[in-house]
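Text of entry_37.txt, listed as compact mmCIF, C-alpha atoms:
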# COMPACT_ATOMS: atom_id res chain seq x y z
CA MET A 1 -9.87 10.62 8.73
CA SER A 2 -7.78 9.21 5.87
CA LYS A 3 -8.40 5.83 4.36
CA TYR A 4 -6.15 3.06 5.78
CA ASP A 5 -3.69 5.33 7.56
CA VAL A 6 -1.40 3.01 9.54
CA PHE A 7 -0.92 5.43 12.44
CA GLU A 8 -4.68 5.97 12.76
CA LEU A 9 -5.35 2.20 12.67
CA VAL A 10 -2.63 1.52 15.25
CA THR A 11 -4.13 4.20 17.51
CA HIS A 12 -7.55 2.55 17.16
CA LEU A 13 -6.12 -0.91 17.83
CA ARG A 14 -4.30 0.24 20.98
CA LYS A 15 -7.63 1.45 22.40
CA CYS A 16 -8.96 -2.12 22.35
CA PRO A 17 -11.44 -2.56 25.24
CA GLU A 18 -10.60 -5.09 27.94
CA ILE A 19 -13.59 -7.28 27.00
CA TYR A 20 -11.85 -8.24 23.74
CA LEU A 21 -8.91 -9.59 25.76
CA GLU A 22 -11.09 -12.23 27.39
CA PRO A 23 -10.53 -15.88 26.46
CA SER A 24 -12.84 -17.66 24.06
CA PHE A 25 -15.78 -19.66 25.40
CA PHE A 26 -14.16 -22.61 23.62
CA LEU A 27 -11.43 -22.45 26.28
CA LYS A 28 -13.25 -21.01 29.27
CA LEU A 29 -16.94 -21.39 30.01
CA GLU A 30 -17.46 -17.75 30.90
CA GLY A 31 -15.31 -16.50 27.99
CA LEU A 32 -16.38 -14.50 24.95
CA ASN A 33 -18.65 -16.05 22.34
CA SER A 34 -15.96 -15.91 19.66
CA VAL A 35 -18.14 -17.35 16.90
CA ALA A 36 -20.75 -14.64 17.48
CA LEU A 37 -18.01 -11.99 17.31
CA ILE A 38 -16.72 -13.45 14.05
CA CYS A 39 -20.21 -13.65 12.53
CA ASP A 40 -21.04 -10.10 13.59
CA THR A 41 -17.78 -8.88 12.09
CA TYR A 42 -18.59 -10.56 8.79
CA ARG A 43 -22.00 -8.84 8.86
CA ILE A 44 -20.48 -5.42 9.60
CA VAL A 45 -17.75 -5.77 6.99
CA CYS A 46 -20.12 -6.84 4.21
CA ASN A 47 -22.99 -4.65 5.50
CA ASP A 48 -25.45 -7.54 5.29
CA PHE A 49 -27.06 -7.93 8.69
CA LEU A 50 -29.42 -10.66 7.48
CA LYS A 51 -26.56 -12.92 6.43
CA THR A 52 -26.59 -16.30 8.19
CA GLU A 53 -23.84 -18.34 6.48
CA PHE A 54 -20.20 -17.60 7.22
CA LYS A 55 -16.85 -19.16 6.47
CA ILE A 56 -15.85 -20.58 9.87
CA PRO A 57 -13.91 -23.74 10.78
CA SER A 58 -15.68 -26.64 12.47
CA ASP A 59 -16.30 -26.52 16.22
CA TYR A 60 -13.71 -29.28 16.60
CA THR A 61 -11.05 -27.14 14.91
CA LEU A 62 -12.08 -24.04 16.85
CA ALA A 63 -11.86 -25.89 20.15
CA HIS A 64 -8.20 -26.65 19.47
CA LEU A 65 -7.05 -23.07 18.84
CA GLU A 66 -4.56 -21.77 21.39
CA ASP A 67 -5.56 -19.02 23.81
CA ASP A 68 -3.15 -16.44 22.33
CA HIS A 69 -4.57 -17.18 18.89
CA TRP A 70 -8.16 -16.70 20.06
CA ARG A 71 -7.36 -13.45 21.80
CA ALA A 72 -5.44 -12.21 18.73
CA ILE A 73 -8.61 -12.90 16.72
CA HIS A 74 -10.66 -10.94 19.27
CA ILE A 75 -8.21 -8.01 19.09
CA SER A 76 -8.28 -8.07 15.28
CA ILE A 77 -12.09 -7.98 15.43
CA TRP A 78 -11.78 -4.75 17.40
CA LEU A 79 -9.44 -3.44 14.68
CA LEU A 80 -12.04 -4.37 12.05
CA SER A 81 -14.59 -2.19 13.87
CA HIS A 82 -12.70 0.84 12.55
CA PRO A 83 -14.84 2.78 10.03
CA ASN A 84 -12.37 2.01 7.20
CA PHE A 85 -13.41 -1.65 7.27
CA ILE A 86 -17.17 -1.22 7.69
CA ASN A 87 -19.20 -1.86 4.54
CA ASN A 88 -16.16 -3.16 2.66
CA SER A 89 -17.39 -6.46 1.22
CA ALA A 90 -14.20 -6.82 -0.87
CA ILE A 91 -12.32 -7.99 2.23
CA GLU A 92 -14.93 -10.45 3.54
CA ASP A 93 -13.43 -13.50 1.82
CA LYS A 94 -9.93 -12.61 3.00
CA LEU A 95 -10.74 -12.53 6.71
CA TYR A 96 -10.91 -16.31 7.14
CA ASN A 97 -7.28 -16.75 6.02
CA PHE A 98 -6.17 -13.80 8.12
CA TRP A 99 -7.84 -15.12 11.27
CA PHE A 100 -7.12 -18.82 10.94
CA GLU A 101 -3.81 -18.91 9.07
CA GLU A 102 -1.86 -15.68 9.54
CA LEU A 103 -2.82 -15.06 13.17
CA SER A 104 -2.24 -18.72 13.94
CA GLU A 105 1.41 -18.40 12.92
CA ALA A 106 1.92 -14.93 14.38
CA SER A 107 0.45 -16.03 17.73
CA LEU A 108 3.26 -18.53 18.10
CA TYR A 109 5.65 -15.59 18.58
CA VAL A 110 3.44 -12.84 20.02
CA LYS A 111 1.57 -13.00 23.32
CA PHE A 112 -1.90 -11.51 22.95
CA LYS A 113 -1.34 -8.43 25.16
CA GLU A 114 1.69 -7.44 23.08
CA TRP A 115 -0.64 -6.73 20.13
CA ILE A 116 -1.93 -3.69 21.97
CA SER A 117 0.81 -2.88 24.49
CA GLU A 118 3.74 -2.66 22.06
CA ASP A 119 3.85 -0.18 19.19
CA GLU A 120 5.67 -2.54 16.82
CA ARG A 121 3.33 -5.46 17.44
CA ALA A 122 0.27 -3.20 17.00
CA GLU A 123 1.68 -1.95 13.71
CA GLU A 124 2.47 -5.53 12.73
CA MET A 125 -1.16 -6.57 13.24
CA VAL A 126 -2.44 -3.59 11.27
CA ARG A 127 -0.02 -4.30 8.42
CA LEU A 128 -0.81 -8.04 8.46
CA LEU A 129 -4.53 -7.31 8.16
CA LEU A 130 -3.97 -4.82 5.35
CA LYS A 131 -1.68 -7.27 3.53
CA TRP A 132 -4.18 -10.14 3.75
CA CYS A 133 -6.99 -7.83 2.65
CA GLU A 134 -4.84 -6.69 -0.29
CA ILE A 135 -5.01 -3.07 0.85
CA THR A 136 -2.06 -0.74 0.43
CA PRO A 137 -1.70 1.67 3.36
CA ASN A 138 -2.27 5.35 2.73
CA GLY A 139 0.89 7.09 1.45
CA GLU A 140 2.76 3.87 0.60
CA ASN A 141 3.15 1.68 -2.45
CA ARG A 142 3.05 -2.13 -2.32
CA ASP A 143 6.84 -2.52 -2.10
CA GLU A 144 7.12 -0.03 0.76
CA ALA A 145 4.26 -1.72 2.61
CA ALA A 146 5.82 -5.17 2.15
CA ASP A 147 9.22 -3.88 3.29
CA LYS A 148 7.78 -2.27 6.43
CA LEU A 149 5.82 -5.42 7.28
CA SER A 150 8.92 -7.55 6.77
CA SER A 151 10.90 -5.35 9.16
CA LEU A 152 8.19 -5.82 11.83
CA SER A 153 7.39 -9.50 11.30
CA SER A 154 7.65 -11.53 14.50
CA ALA A 155 7.88 -14.76 12.47
CA ASP A 156 10.76 -13.38 10.38
CA ARG A 157 12.53 -12.11 13.50
CA HIS A 158 12.14 -15.54 15.11
CA LYS A 159 13.62 -17.22 12.01
CA VAL A 160 16.62 -14.87 12.07
CA LEU A 161 17.18 -15.59 15.77
CA GLN A 162 16.94 -19.34 15.15
CA GLU A 163 19.41 -19.14 12.27
CA SER A 164 21.76 -17.06 14.41
CA TYR A 165 21.46 -19.57 17.25
CA HIS A 166 22.16 -22.51 14.94
CA ALA A 167 25.14 -20.70 13.37
CA HIS A 168 26.51 -20.01 16.87
CA GLU A 169 26.02 -23.68 17.82
CA ARG A 170 27.91 -24.78 14.69
CA ILE A 171 30.79 -22.41 15.51
CA MET A 172 30.95 -23.70 19.09
CA LYS A 173 30.93 -27.31 17.86
CA ILE A 174 33.79 -26.62 15.44
CA LYS A 175 35.77 -24.89 18.22
CA ARG A 176 35.22 -27.87 20.56
CA GLU A 177 36.28 -30.31 17.84
CA MET A 178 39.40 -28.24 17.09
CA ALA A 179 40.26 -28.06 20.80
CA GLU A 180 39.78 -31.84 21.16
CA LYS A 181 41.93 -32.49 18.09
CA LYS A 182 44.64 -30.16 19.42
CA ALA A 183 44.52 -31.92 22.80
CA ARG A 184 44.81 -35.36 21.12
CA GLU A 185 47.74 -34.19 19.02
CA ALA A 186 49.43 -32.76 22.10
CA ALA A 187 48.84 -36.03 23.98
CA ASN A 188 50.21 -38.06 21.05
CA THR A 189 53.31 -35.82 20.86
CA TYR A 190 53.81 -36.06 24.61
CA GLY A 191 53.37 -39.84 24.49
CA ARG A 192 56.08 -40.24 21.80
CA GLU A 193 58.68 -38.28 23.71

Can the structure from this file be put into structure tokens for me?
Amino acid sequence: MSKYDVFELVTHLRKCPEIYLEPSFFLKLEGLNSVALICDTYRIVCNDFLKTEFKIPSDYTLAHLEDDHWRAIHISIWLLSHPNFINNSAIEDKLYNFWFEELSEASLYVKFKEWISEDERAEEMVRLLLKWCEITPNGENRDEAADKLSSLSSADRHKVLQESYHAHERIMKIKREMAEKKAREAANTYGRE
């Protein structure tokens, strides 16, 4: 088992048990106790099972997270159960931003099941976690890792599609304006004759 091998981590992620796909108890009474999962993950990552204080948003903030975001957090917790992340206290402080910032944005563009059902989305989650934890994947340098993540990024892809859509809308508007101008000129010419 090599340290932080993307293929190995993607394989692990895609074996995510169904229980991690359940909604949070913040959204559904019989859902997963997401806070307990987060706390346990902090304990496993830092290898301090007596730890009682964790960096977690307020209950009010947690109650307003979207379902896809919660389930993405659950799936990432499964990913963090991989042996590469156990007893790695260097990443503990980085998890909060990954869970509550990065996954918040990514969940706007990725439905939770896609994280495990699609190869590219699974690799995107692995690479996002490694990026936020400041870990370079095995066999890559930082530039290669950043380039590969950029090519997979759902947020970047969405931005490109939006820009393409807006450019198309501008072209169509200009064509309509040109057609209207041509029609007015034709009507003016016809009216003078």

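When only C-alpha atoms are used to compute distances to A:Pro17, the closest of the residues A:Ile56, A:Leu29, A:Leu50, A:Ile77 turns out to be A:Ile77.
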
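The smallest atom-to-atom distance between A:Val110 and any of A:Arg71, A:Arg184, A:His82, A:Asn138, using only C-alpha atoms, is found for A:Arg71.
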
## Note on the structure
Closest of A:Asn84, A:Leu9, A:His74, A:Ala179 to A:Ala36, counting only C-alpha atoms, is A:His74

### Query
Excluding same-chain residues fewer than 2 positions from A:Thr52, what lies within 12 Å of it counting all atoms listed in the file, as a list in words?
Ala36, Ile38, Cys39, Asp40, Tyr42, Arg43, Asp48, Phe49, Leu50, Phe54, Lys55 and Ile56 of chain A

### Task
Name the residues in contact with A:Val45 at a cut-off of 8 Å, using all atoms listed in the file, excluding same-chain residues fewer than 5 positions from it; report them as a PyMOL selection string.
chain A and resi 80+85-89+91-92

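Surrounding residues of (-8.8, -10.7, 10.0) at most 7 Å away are Ser76, Ile77, Leu95, Tyr96, Phe98, Trp99 and Leu129 of chain A (based on all atoms listed in the file).
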
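With all atoms listed in the file as the atoms that count, the residue of A:Lys28, A:His69, A:Lys173, A:Lys94 with the shortest distance to A:Trp115 is A:His69.
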
### Task
Write out as JSON, numbers by chain which residues come within 9 Å of A:Pro137 when counting all atoms listed in the file, dropping same-chain ones fewer than 6 positions away.
{"A": [3, 4, 5, 6, 127, 130, 131, 145]}

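Of the residues listed (A:Asp67, A:Asp59, A:Asp147, A:Glu120), A:Glu120 shows the shortest atom-to-atom separation from A:Thr11; distances use only C-alpha atoms.
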
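Interatomic distance, atom CA of A:Leu152 against atom CA of A:Glu118: 11.6 Å.
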
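Straight-line separation from atom CA of A:His12 to atom CA of A:Trp78: 8.4 Å.
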
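The gap separating atom CA of A:Glu123 from atom CA of A:Asp68 is 17.5 Å, in Å to one decimal.
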
### Message
So that I can see what lies close to A:Glu22, please list as a list in words the residues with an atom at most 8 Å from it, counting all atoms listed in the file and leaving out residues fewer than 3 positions away in the same chain.
### Response
Glu18, Ile19, Gly31, Leu32 and Arg71 of chain A

Just write the chosen residues, C-alpha atoms, as a compact mmCIF listing (two decimals), keeping the file's coordinate frame.
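Result went into part16.txt, see below:
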# COMPACT_ATOMS: atom_id res chain seq x y z
CA GLU A 18 -10.60 -5.09 27.94
CA ILE A 19 -13.59 -7.28 27.00
CA GLY A 31 -15.31 -16.50 27.99
CA LEU A 32 -16.38 -14.50 24.95
CA ARG A 71 -7.36 -13.45 21.80

Where atoms are lacking, stretch 84-95 of chain A completed to N, CA and C atoms, as a tab-separated table (two decimals), keeping the file's coordinate frame:
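Here's the written file out.tsv:
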chain	number	residue	atom	x	y	z
A	84	ASN	N	-12.96	2.36	8.50
A	84	ASN	CA	-12.37	2.01	7.20
A	84	ASN	C	-12.79	0.62	6.73
A	85	PHE	N	-13.10	-0.27	7.65
A	85	PHE	CA	-13.41	-1.65	7.27
A	85	PHE	C	-14.91	-1.93	7.20
A	86	ILE	N	-15.71	-1.02	7.70
A	86	ILE	CA	-17.17	-1.22	7.69
A	86	ILE	C	-17.70	-1.02	6.28
A	87	ASN	N	-18.59	-1.92	5.88
A	87	ASN	CA	-19.20	-1.86	4.54
A	87	ASN	C	-18.14	-1.98	3.45
A	88	ASN	N	-17.23	-2.92	3.63
A	88	ASN	CA	-16.16	-3.16	2.66
A	88	ASN	C	-16.19	-4.64	2.29
A	89	SER	N	-17.18	-5.03	1.53
A	89	SER	CA	-17.39	-6.46	1.22
A	89	SER	C	-16.23	-7.08	0.46
A	90	ALA	N	-15.35	-6.28	-0.12
A	90	ALA	CA	-14.20	-6.82	-0.87
A	90	ALA	C	-13.25	-7.60	0.04
A	91	ILE	N	-13.26	-7.30	1.34
A	91	ILE	CA	-12.32	-7.99	2.23
A	91	ILE	C	-12.95	-9.18	2.94
A	92	GLU	N	-14.24	-9.38	2.81
A	92	GLU	CA	-14.93	-10.45	3.54
A	92	GLU	C	-14.28	-11.82	3.34
A	93	ASP	N	-13.99	-12.17	2.10
A	93	ASP	CA	-13.43	-13.50	1.82
A	93	ASP	C	-11.99	-13.65	2.29
A	94	LYS	N	-11.34	-12.56	2.59
A	94	LYS	CA	-9.93	-12.61	3.00
A	94	LYS	C	-9.77	-12.77	4.51
A	95	LEU	N	-10.84	-12.50	5.26
A	95	LEU	CA	-10.74	-12.53	6.71
A	95	LEU	C	-10.48	-13.93	7.26
